[in-house]
>>> print(open('final_14.txt').read())   # compact mmCIF, C-alpha atoms
# COMPACT_ATOMS: atom_id res chain seq x y z
CA MET G 1084 88.34 122.21 129.40
CA ASP G 1085 87.00 118.69 128.86
CA ASP G 1086 89.35 115.81 129.50
CA LYS G 1087 88.19 114.35 126.21
CA THR G 1088 89.10 115.81 122.85
CA GLN G 1089 87.64 115.11 119.47
CA LYS G 1090 89.89 113.21 117.11
CA LEU G 1091 91.03 115.04 114.02
CA SER G 1092 88.57 114.17 111.27
CA LEU G 1093 88.74 114.89 107.56
CA LYS G 1094 85.94 116.69 105.71
CA ARG G 1095 82.91 114.72 104.46
CA GLU G 1096 83.15 115.67 100.79
CA VAL G 1097 82.58 112.32 99.03
CA GLY G 1098 79.01 111.85 97.79
CA LEU G 1099 77.36 108.83 96.13
CA MET G 1100 78.70 109.59 92.64
CA GLY G 1101 82.18 110.19 94.01
CA ALA G 1102 81.94 106.95 95.99
CA ILE G 1103 80.91 104.93 92.94
CA SER G 1104 83.71 106.54 90.95
CA LEU G 1105 86.23 105.79 93.70
CA ILE G 1106 85.32 102.08 93.75
CA GLY G 1107 84.72 101.56 90.04
CA GLY G 1108 87.49 103.92 88.97
CA THR G 1109 90.04 102.08 91.12
CA MET G 1110 88.85 98.62 90.12
CA ILE G 1111 88.85 99.38 86.39
CA GLY G 1112 92.53 100.08 86.05
CA SER G 1113 95.42 98.07 84.75
CA GLY G 1114 94.05 94.59 85.45
CA ILE G 1115 91.53 94.24 82.63
CA PHE G 1116 94.24 95.34 80.17
CA MET G 1117 97.10 93.28 81.66
CA SER G 1118 95.65 90.11 83.24
CA PRO G 1119 93.40 88.45 80.57
CA GLN G 1120 96.34 86.84 78.78
CA THR G 1121 97.75 85.40 82.03
CA VAL G 1122 94.36 84.06 83.12
CA LEU G 1123 93.84 82.38 79.74
CA TYR G 1124 97.40 81.00 79.65
CA THR G 1125 97.20 79.41 83.11
CA ILE G 1126 93.64 78.04 82.95
CA GLY G 1127 94.07 76.76 79.39
CA SER G 1128 90.70 77.45 77.68
CA PRO G 1129 88.51 80.46 76.78
CA GLY G 1130 85.41 79.07 78.51
CA ALA G 1131 87.26 78.39 81.75
CA SER G 1132 88.86 81.85 81.66
CA LEU G 1133 85.42 83.48 81.43
CA LEU G 1134 84.27 81.30 84.32
CA VAL G 1135 87.25 82.47 86.39
CA TRP G 1136 86.39 86.12 85.71
CA ALA G 1137 82.76 85.53 86.71
CA CYS G 1138 83.72 83.66 89.90
CA CYS G 1139 86.15 86.42 90.87
CA GLY G 1140 83.34 88.94 90.47
CA VAL G 1141 80.94 86.88 92.62
CA LEU G 1142 83.63 86.44 95.29
CA VAL G 1143 84.28 90.17 95.41
CA ILE G 1144 80.56 91.03 95.54
CA LEU G 1145 80.02 88.68 98.49
CA ALA G 1146 83.03 90.09 100.33
CA SER G 1147 81.87 93.65 99.65
CA PHE G 1148 78.51 92.94 101.31
CA CYS G 1149 80.37 92.00 104.49
CA TYR G 1150 82.52 95.13 104.26
CA ALA G 1151 79.41 97.26 103.82
CA GLU G 1152 78.13 96.05 107.19
CA LEU G 1153 81.54 96.58 108.80
CA GLY G 1154 81.64 100.11 107.43
CA THR G 1155 78.27 100.97 108.94
CA VAL G 1156 78.95 99.29 112.30
CA ILE G 1157 82.42 100.83 112.63
CA PRO G 1158 82.06 104.21 110.83
CA GLU G 1159 85.75 105.05 110.82
CA SER G 1160 88.27 105.36 108.01
CA GLY G 1161 91.06 102.81 107.70
CA GLY G 1162 89.44 99.73 106.16
CA GLU G 1163 90.84 96.39 107.33
CA TYR G 1164 93.19 98.08 109.77
CA ILE G 1165 90.53 99.80 111.84
CA TYR G 1166 88.21 96.77 111.73
CA ILE G 1167 90.92 94.37 112.92
CA LEU G 1168 92.02 96.88 115.57
CA ARG G 1169 88.49 97.10 116.98
CA THR G 1170 87.92 93.32 116.93
CA SER G 1171 91.20 91.39 117.02
CA GLY G 1172 93.25 93.88 119.00
CA PRO G 1173 96.37 96.02 118.45
CA VAL G 1174 98.88 93.19 117.85
CA VAL G 1175 97.14 91.78 114.76
CA ALA G 1176 96.30 95.33 113.62
CA PHE G 1177 99.95 96.32 113.87
CA MET G 1178 100.95 93.29 111.79
CA LEU G 1179 98.42 94.35 109.16
CA ILE G 1180 99.43 97.99 109.04
CA PHE G 1181 103.14 97.15 108.98
CA SER G 1182 102.73 94.84 105.97
CA SER G 1183 100.16 97.14 104.34
CA VAL G 1184 102.07 100.42 104.60
CA LEU G 1185 105.50 99.01 103.81
CA PHE G 1186 104.63 96.28 101.31
CA VAL G 1187 101.04 95.74 100.13
CA ARG G 1188 99.90 99.30 99.36
CA PRO G 1189 103.21 100.36 97.76
CA ALA G 1190 103.17 97.13 95.72
CA GLY G 1191 99.68 97.99 94.47
CA VAL G 1192 100.73 101.53 93.57
CA ALA G 1193 103.88 100.33 91.83
CA GLY G 1194 102.02 97.62 89.87
CA ILE G 1195 99.39 100.04 88.56
CA ALA G 1196 102.02 102.67 87.76
CA LEU G 1197 104.03 100.12 85.77
CA SER G 1198 101.00 99.11 83.72
CA PHE G 1199 100.23 102.79 83.08
CA ALA G 1200 103.79 103.33 81.89
CA GLN G 1201 103.68 100.24 79.65
CA TYR G 1202 100.68 101.59 77.75
CA VAL G 1203 102.07 105.13 77.57
CA VAL G 1204 105.24 104.01 75.81
CA ALA G 1205 103.69 101.11 73.83
CA PRO G 1206 102.84 103.19 70.70
CA PHE G 1207 106.52 104.17 70.38
CA TYR G 1208 107.83 100.59 70.55
CA LEU G 1209 105.54 98.57 68.28
CA ASP G 1210 108.16 96.02 67.18
CA CYS G 1211 110.12 95.56 70.40
CA PRO G 1212 109.69 95.77 74.17
CA PRO G 1213 110.25 99.26 75.61
CA PRO G 1214 113.37 99.90 77.72
CA GLU G 1215 112.76 98.96 81.34
CA LEU G 1216 114.38 102.16 82.62
CA LEU G 1217 112.05 104.30 80.51
CA VAL G 1218 108.97 102.42 81.75
CA LYS G 1219 109.99 102.87 85.37
CA CYS G 1220 110.76 106.57 84.89
CA VAL G 1221 107.29 107.16 83.43
CA ALA G 1222 105.76 105.16 86.30
CA ALA G 1223 107.66 107.24 88.86
CA ALA G 1224 106.50 110.47 87.21
CA ALA G 1225 102.87 109.31 87.43
CA ILE G 1226 103.24 108.44 91.13
CA ILE G 1227 104.75 111.82 91.98
CA THR G 1228 102.12 113.71 89.97
CA LEU G 1229 99.18 112.02 91.67
CA ALA G 1230 100.78 112.34 95.09
CA THR G 1231 100.97 116.10 94.53
CA VAL G 1232 97.34 116.28 93.40
CA ASN G 1233 96.09 114.32 96.41
CA CYS G 1234 98.09 116.51 98.79
CA LEU G 1235 96.57 119.69 97.35
CA ASN G 1236 92.82 119.16 97.30
CA VAL G 1237 90.30 116.39 98.03
CA ARG G 1238 87.65 117.76 95.67
CA PHE G 1239 90.12 118.08 92.81
CA SER G 1240 91.28 114.51 93.41
CA MET G 1241 87.67 113.29 93.34
CA SER G 1242 86.99 115.32 90.19
CA ILE G 1243 89.92 113.56 88.54
CA GLN G 1244 88.47 110.23 89.68
CA VAL G 1245 85.04 110.97 88.19
CA PHE G 1246 86.58 112.18 84.90
CA PHE G 1247 88.79 109.14 84.47
CA MET G 1248 85.93 106.86 85.49
CA ALA G 1249 83.91 108.28 82.58
CA ALA G 1250 86.90 107.95 80.23
CA LYS G 1251 87.55 104.30 81.07
CA LEU G 1252 83.85 103.41 80.79
CA LEU G 1253 83.91 104.94 77.31
CA ALA G 1254 87.00 102.89 76.42
CA LEU G 1255 85.43 99.67 77.67
CA ALA G 1256 82.24 100.52 75.78
CA VAL G 1257 84.27 100.81 72.55
CA ILE G 1258 85.84 97.39 73.20
CA ILE G 1259 82.46 95.80 73.97
CA ILE G 1260 80.74 97.31 70.91
CA GLY G 1261 83.65 96.25 68.71
CA GLY G 1262 83.35 92.71 70.05
CA VAL G 1263 79.61 92.63 69.41
CA VAL G 1264 80.17 93.75 65.82
CA MET G 1265 82.76 91.01 65.31
CA LEU G 1266 80.42 88.38 66.78
CA ILE G 1267 77.63 89.51 64.46
CA ARG G 1268 80.04 89.10 61.54
CA GLY G 1269 80.59 85.48 62.57
CA HIS G 1270 83.86 85.67 64.50
CA ASN G 1271 82.83 83.09 67.08
CA ASN G 1272 85.23 80.23 66.37
CA THR G 1273 86.95 80.72 69.73
CA PHE G 1274 83.75 79.82 71.58
CA GLU G 1275 83.40 76.41 69.88
CA ASP G 1276 84.54 73.70 72.32
CA SER G 1277 85.48 76.57 74.60
CA PHE G 1278 86.38 74.33 77.57
CA GLU G 1279 88.77 72.10 75.64
CA ASN G 1280 92.30 71.82 77.14
CA THR G 1281 91.19 73.30 80.49
CA ASN G 1282 93.82 72.95 83.23
CA LEU G 1283 92.05 71.58 86.30
CA GLY G 1284 95.07 71.48 88.60
CA ILE G 1285 95.08 73.48 91.82
CA ASN G 1286 98.15 75.48 90.82
CA PRO G 1287 96.82 76.83 87.47
CA ILE G 1288 93.44 77.63 89.02
CA GLY G 1289 95.15 79.47 91.89
CA ILE G 1290 97.30 81.61 89.61
CA ALA G 1291 94.33 82.38 87.36
CA PHE G 1292 92.24 83.49 90.32
CA TYR G 1293 95.00 85.71 91.67
CA GLN G 1294 95.42 87.42 88.32
CA GLY G 1295 91.65 87.87 88.08
CA LEU G 1296 91.33 89.16 91.63
CA TRP G 1297 94.06 91.70 90.93
CA SER G 1298 91.78 93.20 88.30
CA TYR G 1299 89.01 93.53 90.89
CA ASP G 1300 91.23 95.09 93.51
CA GLY G 1301 89.88 98.38 94.79
CA TRP G 1302 86.43 96.99 95.66
CA ASN G 1303 87.06 97.86 99.33
CA ASN G 1304 88.53 101.33 98.78
CA LEU G 1305 85.46 103.18 100.06
CA ASN G 1306 85.93 101.59 103.50
CA TYR G 1307 89.26 103.38 103.78
CA VAL G 1308 87.60 106.80 103.57
CA THR G 1309 84.37 106.24 105.53
CA GLU G 1310 84.89 109.41 107.58
CA GLU G 1311 84.92 111.47 104.37
CA LEU G 1312 81.76 109.86 102.95
CA LYS G 1313 78.48 111.71 103.20
CA ARG G 1314 75.75 109.62 104.90
CA PRO G 1315 77.89 106.44 104.99
CA GLU G 1316 75.05 104.33 106.40
CA VAL G 1317 73.18 104.92 103.11
CA ASN G 1318 75.82 105.65 100.48
CA LEU G 1319 78.32 102.92 101.42
CA PRO G 1320 76.06 99.91 100.63
CA ARG G 1321 74.58 101.62 97.57
CA ALA G 1322 77.96 102.54 96.09
CA VAL G 1323 79.38 99.06 96.71
CA VAL G 1324 76.49 97.22 95.03
CA LEU G 1325 76.25 99.57 92.04
CA ALA G 1326 79.98 99.86 91.35
CA ILE G 1327 80.99 96.20 91.72
CA SER G 1328 78.02 94.86 89.77
CA LEU G 1329 78.82 97.28 86.95
CA VAL G 1330 82.50 96.32 86.89
CA THR G 1331 81.80 92.57 86.93
CA GLY G 1332 79.46 92.84 83.96
CA LEU G 1333 81.92 95.01 82.04
CA TYR G 1334 84.82 92.64 82.67
CA LEU G 1335 82.91 89.66 81.30
CA LEU G 1336 81.81 91.54 78.18
CA VAL G 1337 85.32 92.90 77.56
CA ASN G 1338 86.85 89.41 77.79
CA VAL G 1339 84.22 88.11 75.36
CA SER G 1340 85.22 90.91 73.00
CA TYR G 1341 88.92 90.04 73.32
CA LEU G 1342 88.18 86.41 72.47
CA ALA G 1343 85.92 87.37 69.56
CA VAL G 1344 88.64 89.49 67.96
CA MET G 1345 91.76 87.47 68.81
CA THR G 1346 92.54 83.77 68.85
CA PRO G 1347 93.64 82.38 72.22
CA LYS G 1348 97.21 82.15 70.89
CA GLU G 1349 97.19 85.82 69.84
CA LEU G 1350 95.76 86.87 73.18
CA ILE G 1351 98.33 84.91 75.20
CA SER G 1352 101.27 86.24 73.17
CA SER G 1353 100.17 89.88 73.43
CA ASN G 1354 102.16 92.18 75.73
CA ALA G 1355 99.44 94.85 75.61
CA VAL G 1356 96.12 93.16 74.87
CA ALA G 1357 94.16 96.39 74.38
CA VAL G 1358 96.68 97.62 71.79
CA THR G 1359 96.52 94.29 69.93
CA TRP G 1360 92.72 94.46 69.98
CA GLY G 1361 92.82 98.06 68.72
CA ASN G 1362 95.19 97.25 65.87
CA LYS G 1363 92.94 94.40 64.66
CA VAL G 1364 89.62 96.27 64.97
CA LEU G 1365 90.48 99.98 64.58
CA GLY G 1366 93.41 99.63 62.19
CA SER G 1367 95.50 102.81 62.07
CA TRP G 1368 93.49 104.19 64.99
CA GLY G 1369 94.60 101.36 67.24
CA TRP G 1370 96.81 103.72 69.24
CA ILE G 1371 93.62 105.12 70.78
CA MET G 1372 93.30 101.96 72.87
CA SER G 1373 96.80 102.48 74.23
CA VAL G 1374 95.80 105.97 75.36
CA ALA G 1375 92.55 104.63 76.84
CA ALA G 1376 94.34 101.90 78.78
CA ALA G 1377 96.85 104.43 80.09
CA LEU G 1378 94.05 106.75 81.23
CA SER G 1379 92.33 103.83 82.91
CA ALA G 1380 95.44 102.90 84.86
CA PHE G 1381 96.03 106.56 85.76
CA GLY G 1382 92.53 106.85 87.25
CA SER G 1383 93.01 103.61 89.18
CA LEU G 1384 96.33 104.87 90.50
CA ASN G 1385 94.65 108.06 91.70
CA GLY G 1386 92.02 106.06 93.62
CA THR G 1387 94.67 103.85 95.18
CA PHE G 1388 96.58 106.92 96.36
CA PHE G 1389 93.44 108.56 97.72
CA SER G 1390 92.58 105.58 99.93
CA GLY G 1391 96.11 104.40 100.71
CA GLY G 1392 97.15 107.66 102.32
CA ARG G 1393 94.14 107.46 104.64
CA VAL G 1394 95.21 104.03 105.95
CA CYS G 1395 98.59 105.39 106.99
CA PHE G 1396 96.88 108.47 108.49
CA VAL G 1397 94.47 106.39 110.62
CA ALA G 1398 97.24 104.03 111.78
CA ALA G 1399 99.32 106.98 112.97
CA ARG G 1400 96.27 108.46 114.69
CA GLU G 1401 95.86 105.19 116.61
CA GLY G 1402 99.53 105.19 117.66
CA HIS G 1403 100.83 102.42 115.37
CA MET G 1404 102.81 104.76 113.11
CA PRO G 1405 104.83 107.93 113.84
CA ASP G 1406 102.68 110.86 115.02
CA ILE G 1407 103.74 113.04 112.10
CA LEU G 1408 101.79 110.77 109.74
CA ALA G 1409 98.58 111.60 111.63
CA MET G 1410 98.89 115.27 110.75
CA ALA G 1411 96.78 116.99 108.11
CA HIS G 1412 97.23 120.25 106.24
CA VAL G 1413 95.78 123.02 108.36
CA HIS G 1414 93.78 124.58 105.50
CA ARG G 1415 93.28 121.79 102.95
CA LEU G 1416 92.66 119.04 105.58
CA THR G 1417 94.46 116.47 103.44
CA PRO G 1418 96.76 113.87 105.07
CA SER G 1419 99.85 115.21 103.30
CA PRO G 1420 102.57 113.56 105.47
CA ALA G 1421 100.94 110.13 105.06
CA LEU G 1422 100.63 110.61 101.30
CA ILE G 1423 104.27 111.68 101.01
CA PHE G 1424 105.38 108.65 103.02
CA THR G 1425 103.33 106.32 100.78
CA THR G 1426 104.89 107.96 97.72
CA VAL G 1427 108.44 107.43 98.93
CA VAL G 1428 107.88 103.75 99.78
CA SER G 1429 106.10 103.15 96.45
CA LEU G 1430 109.04 104.59 94.55
CA LEU G 1431 111.41 102.29 96.44
CA VAL G 1432 109.25 99.25 95.58
CA LEU G 1433 109.17 100.36 91.94
CA ILE G 1434 112.96 100.17 91.54
CA PRO G 1435 113.44 96.35 91.69
CA GLY G 1436 109.86 95.25 90.94
CA ASP G 1437 108.25 93.74 87.85
CA PHE G 1438 104.51 93.53 87.16
CA GLN G 1439 103.85 89.79 87.55
CA SER G 1440 105.79 89.32 90.80
CA ILE G 1441 104.14 92.43 92.28
CA VAL G 1442 100.66 91.13 91.38
CA ASN G 1443 101.23 87.69 92.92
CA PHE G 1444 102.65 89.13 96.14
CA PHE G 1445 99.91 91.73 96.44
CA SER G 1446 97.03 89.27 95.92
CA PHE G 1447 98.28 86.75 98.45
CA THR G 1448 98.89 89.26 101.26
CA ALA G 1449 95.74 91.31 100.66
CA TRP G 1450 93.30 88.37 100.62
CA PHE G 1451 94.93 86.85 103.70
CA PHE G 1452 93.98 89.94 105.72
CA TYR G 1453 90.55 90.13 104.09
CA GLY G 1454 89.87 86.71 105.63
CA ILE G 1455 90.90 87.89 109.10
CA THR G 1456 88.68 90.95 108.72
CA LEU G 1457 85.64 88.84 107.85
CA SER G 1458 86.31 86.64 110.88
CA GLY G 1459 86.05 89.78 113.01
CA LEU G 1460 82.61 90.54 111.54
CA LEU G 1461 81.43 87.06 112.51
CA TYR G 1462 82.56 87.69 116.10
CA LEU G 1463 80.73 91.02 116.23
CA LYS G 1464 77.53 89.35 115.04
CA ILE G 1465 77.73 86.72 117.77
CA LYS G 1466 79.09 88.73 120.71
CA LYS G 1467 77.90 92.27 119.94
CA PRO G 1468 74.42 91.89 118.43
CA GLU G 1469 73.30 95.13 120.13
CA LEU G 1470 75.51 97.33 117.92
CA PRO G 1471 73.49 99.52 115.48
CA ARG G 1472 73.47 97.93 112.03
CA PRO G 1473 71.96 100.08 109.26
CA TYR G 1474 72.98 97.27 106.87
CA LYS G 1475 73.11 93.54 107.72
CA VAL G 1476 74.60 90.41 106.14
CA SER G 1477 73.30 86.95 107.13
CA VAL G 1478 75.56 84.68 109.20
CA THR G 1479 75.16 81.92 106.57
CA HIS G 1480 76.54 84.25 103.91
CA LEU G 1481 79.46 85.24 106.14
CA LEU G 1482 80.33 81.63 106.96
CA SER G 1483 80.40 80.83 103.25
CA LYS G 1484 82.88 83.66 102.77
CA LEU G 1485 85.11 82.36 105.56
CA HIS G 1486 84.97 78.92 103.93
CA HIS G 1487 86.57 80.39 100.80
CA HIS G 1488 89.20 82.27 102.83
CA LYS G 1489 90.66 79.23 104.60
CA GLN G 1490 94.25 79.46 103.46
CA SER G 1491 96.89 76.98 102.34
CA PHE G 1492 100.40 77.82 101.20
CA VAL G 1493 101.56 76.27 97.95
CA TYR G 1494 104.88 76.74 96.25
CA ILE G 1495 104.63 76.79 92.50
CA HIS G 1496 107.55 76.81 90.13
CA ASP G 1497 106.61 79.08 87.24
CA GLU G 1498 109.11 80.17 84.63
CA ASN G 1499 112.23 80.29 86.82
CA GLN G 1500 110.52 81.98 89.75
CA LEU G 1501 109.05 80.58 92.93
CA LEU G 1502 105.60 81.95 93.70
CA LEU G 1503 104.03 81.84 97.13
CA LEU G 1504 100.32 81.52 96.61
CA SER G 1505 97.34 81.07 98.88
CA LEU G 1506 94.63 78.69 97.77
CA PRO G 1507 91.23 77.79 99.30
CA LEU G 1508 90.97 74.44 101.03
CA SER G 1509 87.92 72.23 101.05
CA THR G 1510 87.42 72.65 104.81
CA GLY G 1511 85.64 75.51 106.51
CA SER G 1512 87.40 78.11 108.55
CA HIS G 1513 87.58 77.73 112.31
CA TYR G 1514 89.56 80.89 112.94
CA SER G 1515 88.42 82.71 116.05
CA PRO G 1516 89.97 86.15 116.57
CA HIS G 1517 91.08 87.09 120.03
CA ILE G 1518 88.75 89.75 121.28
CA GLY G 1519 89.59 91.62 124.42
CA PRO G 1520 88.28 94.98 125.57
CA HIS G 1521 88.72 96.39 122.07
CA CYS G 1522 85.06 95.98 121.14
CA SER G 1523 84.20 98.62 123.72
CA ASP G 1524 86.06 101.10 121.49
CA ILE G 1525 83.68 100.58 118.59
CA PRO G 1526 81.72 103.79 117.99
CA CYS G 1527 78.06 103.68 117.12
CA ALA G 1528 77.07 104.51 113.55
CA GLY G 1529 76.80 108.24 113.09
CA THR G 1530 79.10 109.11 116.04
CA HIS G 1531 82.77 110.03 116.25
CA HIS G 1532 85.29 107.95 118.14
CA ARG G 1533 86.84 109.91 120.99
CA GLN G 1534 90.01 109.48 122.98
CA SER G 1535 91.56 110.98 126.09
CA SER G 1536 93.65 114.05 125.64
CA ASP G 1537 96.46 112.41 127.58
>>> encode(input="final_14.txt", output="structure tokens")
Amino acid sequence: MDDKTQKLSLKREVGLMGAISLIGGTMIGSGIFMSPQTVLYTIGSPGASLLVWACCGVLVILASFCYAELGTVIPESGGEYIYILRTSGPVVAFMLIFSSVLFVRPAGVAGIALSFAQYVVAPFYLDCPPPELLVKCVAAAAIITLATVNCLNVRFSMSIQVFFMAAKLLALAVIIIGGVVMLIRGHNNTFEDSFENTNLGINPIGIAFYQGLWSYDGWNNLNYVTEELKRPEVNLPRAVVLAISLVTGLYLLVNVSYLAVMTPKELISSNAVAVTWGNKVLGSWGWIMSVAAALSAFGSLNGTFFSGGRVCFVAAREGHMPDILAMAHVHRLTPSPALIFTTVVSLLVLIPGDFQSIVNFFSFTAWFFYGITLSGLLYLKIKKPELPRPYKVSVTHLLSKLHHHKQSFVYIHDENQLLLLSLPLSTGSHYSPHIGPHCSDIPCAGTHHRQSSD
């Protein structure tokens, strides 16, 4: 028997359409229905809020180009974890996976589940906020349901993702068309002097960007399931470009529609902006928007579960988590133990959490590790130019990304809570990851990583 054994790999069952649905379906979730009012409130003007949404989209597109190259150079599932492990070594990778599995991923799941629950119960509590216990019970039920689905079958989970992707695109199309109709009727007062009262302070801009970036979260989900993607060297870059460009355009048009229908004051005071929009445009049929927003969040939650379980699975396979989490169902080949573990931790985070604090924590931690990951790509370009690269990003582009990821910690007092935020500095990044022998572990594109049986 050979002294080398093939690592357990999951089935390649995700095609181009499934990949686009995974990225777009996860990105278009709770954020576009929960964050617009916070972005507008913190930045101060409609024009500046639209600029923030556009800049967030450009930032995500640029980062996704870098991740597309990483995904084709290191064709393994696991996203940031596996990239940092192969470039910066096991210590930094362990720090990432510890914070990701125990804090970041569960916070993302809990935040999306809470927004789903808010829109589910909103039609029953039109004149008052819904009970917090009821919202959290509905959120917990959604988490458990999707955990069960993802444990049972990959194809069924992807079918759900494609279906909900279509449903949320239809909902956003209704909002956009409604906004166009209102603009044609002359409802454009909001866009007169649209940059008046803009808050130019670092703190408001930072909070606005974090709320906007939350809405774009999920752009890197395909990198978590590279081993399950058919022809990743072709489908990964294609899916990333198509999905993120589509979402960015939709987000801008939806925000224009919100501002065409509602005054800035109405938008800021709304607890469920899609429901408020529906009541003003659709009248007695406004409840449809509540259902649409709930379906959107449900699809996003499914995509987050699908990718999040794979991160835990890969970390256990590399020895940074208990071995049981590296196991897969013998027939279904789904990482059931990892998914169950993610479910349990997410439910624990859900108990004390509220939406805004979860979003701020999630955005800070996630983008901190994104910056470290991009630094690893720069090292690979300089020190490992011989690695096969089906897709390439220029060094100039990568350096510009690292410039935006140079981090500074700022404490901001906001409505009785202290927020720890990370804001870009005006200086470029000089971070240089420690690279030891780990680069020798990087598999070539199209091959499987192997390890000793001992």
>>> residues_around(input="final_14.txt", residues="region 1190-1197 of chain G", least_positions_apart="2", cutoff="8 Å", atoms="all atoms listed in the file", output="ChimeraX atom specification")
/G:1112-1113,1186-1188,1199-1201,1218-1219,1222-1223,1225-1226,1380-1381,1383-1384,1387-1388,1429-1430,1432-1433,1436-1438,1441-1442,1445
>>> atom_distance(input="final_14.txt", atom1="CA of Ile1371 (chain G)", atom2="CA of Gly1114 (chain G)")
18.1 Å
>>> residues_around(input="final_14.txt", residues="Thr1109 (chain G)", least_positions_apart="4", cutoff="8 Å", atoms="only C-alpha atoms", output="VMD selection string")
chain G and resid 1104 to 1105 1300 to 1302 1304 1382 to 1387
>>> atom_distance(input="final_14.txt", atom1="CA of Val1156 (chain G)", atom2="CA of Asn1233 (chain G)")
27.8 Å
>>> closest_residue(input="final_14.txt", among="G:Leu1333, G:Met1410, G:Gly1392, G:Val1397", to="Ala1254 (chain G)", atoms="all atoms listed in the file")
G:Leu1333
>>> atom_distance(input="final_14.txt", atom1="CA of Lys1363 (chain G)", atom2="CA of Ser1198 (chain G)")
21.2 Å
>>> residues_near_point(input="final_14.txt", point="(101.4, 94.3, 75.9)", cutoff="9 Å", atoms="all atoms listed in the file", output="list in words")
Phe1116, Met1117, Gln1201, Tyr1202, Ala1205, Pro1212, Ser1352, Ser1353, Asn1354, Ala1355, Val1356, Ala1357, Val1358 and Thr1359 of chain G
>>> closest_residue(input="final_14.txt", among="G:Leu1422, G:Ile1434, G:Ile1103, G:Leu1252", to="Leu1217 (chain G)", atoms="all atoms listed in the file")
G:Ile1434
>>> closest_residue(input="final_14.txt", among="G:Thr1155, G:Ser1379, G:Asn1282, G:Ser1240", to="Val1097 (chain G)", atoms="all atoms listed in the file")
G:Ser1240
>>> closest_residue(input="final_14.txt", among="G:Ile1157, G:Leu1335, G:Leu1329, G:Met1100", to="Val1135 (chain G)", atoms="only C-alpha atoms")
G:Leu1335
>>> closest_residue(input="final_14.txt", among="G:Pro1418, G:Phe1292, G:Arg1314, G:Asn1338", to="Gly1261 (chain G)", atoms="all atoms listed in the file")
G:Asn1338
>>> closest_residue(input="final_14.txt", among="G:Pro1119, G:Asn1272, G:Ser1298, G:Leu1153", to="Val1330 (chain G)", atoms="all atoms listed in the file")
G:Ser1298
>>> build_atoms(input="final_14.txt", residues="region 1330-1341 of chain G", atoms="N, CA and C atoms", output="CSV table (one decimal), keeping the file's coordinate frame")
chain,number,residue,atom,x,y,z
G,1330,VAL,N,81.2,96.7,87.3
G,1330,VAL,CA,82.5,96.3,86.9
G,1330,VAL,C,82.5,94.8,86.5
G,1331,THR,N,81.8,94.0,87.3
G,1331,THR,CA,81.8,92.6,86.9
G,1331,THR,C,81.2,92.3,85.5
G,1332,GLY,N,80.1,93.0,85.3
G,1332,GLY,CA,79.5,92.8,84.0
G,1332,GLY,C,80.4,93.3,82.8
G,1333,LEU,N,81.0,94.5,83.1
G,1333,LEU,CA,81.9,95.0,82.0
G,1333,LEU,C,83.1,94.1,81.8
G,1334,TYR,N,83.7,93.5,82.8
G,1334,TYR,CA,84.8,92.6,82.7
G,1334,TYR,C,84.5,91.4,81.8
G,1335,LEU,N,83.3,90.8,82.1
G,1335,LEU,CA,82.9,89.7,81.3
G,1335,LEU,C,82.7,90.0,79.8
G,1336,LEU,N,82.1,91.1,79.6
G,1336,LEU,CA,81.8,91.5,78.2
G,1336,LEU,C,83.1,91.9,77.5
G,1337,VAL,N,84.0,92.5,78.2
G,1337,VAL,CA,85.3,92.9,77.6
G,1337,VAL,C,86.1,91.6,77.2
G,1338,ASN,N,86.1,90.6,78.1
G,1338,ASN,CA,86.8,89.4,77.8
G,1338,ASN,C,86.2,88.7,76.6
G,1339,VAL,N,84.9,88.7,76.5
G,1339,VAL,CA,84.2,88.1,75.4
G,1339,VAL,C,84.7,88.8,74.1
G,1340,SER,N,84.8,90.1,74.2
G,1340,SER,CA,85.2,90.9,73.0
G,1340,SER,C,86.7,90.6,72.6
G,1341,TYR,N,87.5,90.5,73.6
G,1341,TYR,CA,88.9,90.0,73.3
G,1341,TYR,C,89.0,88.7,72.6
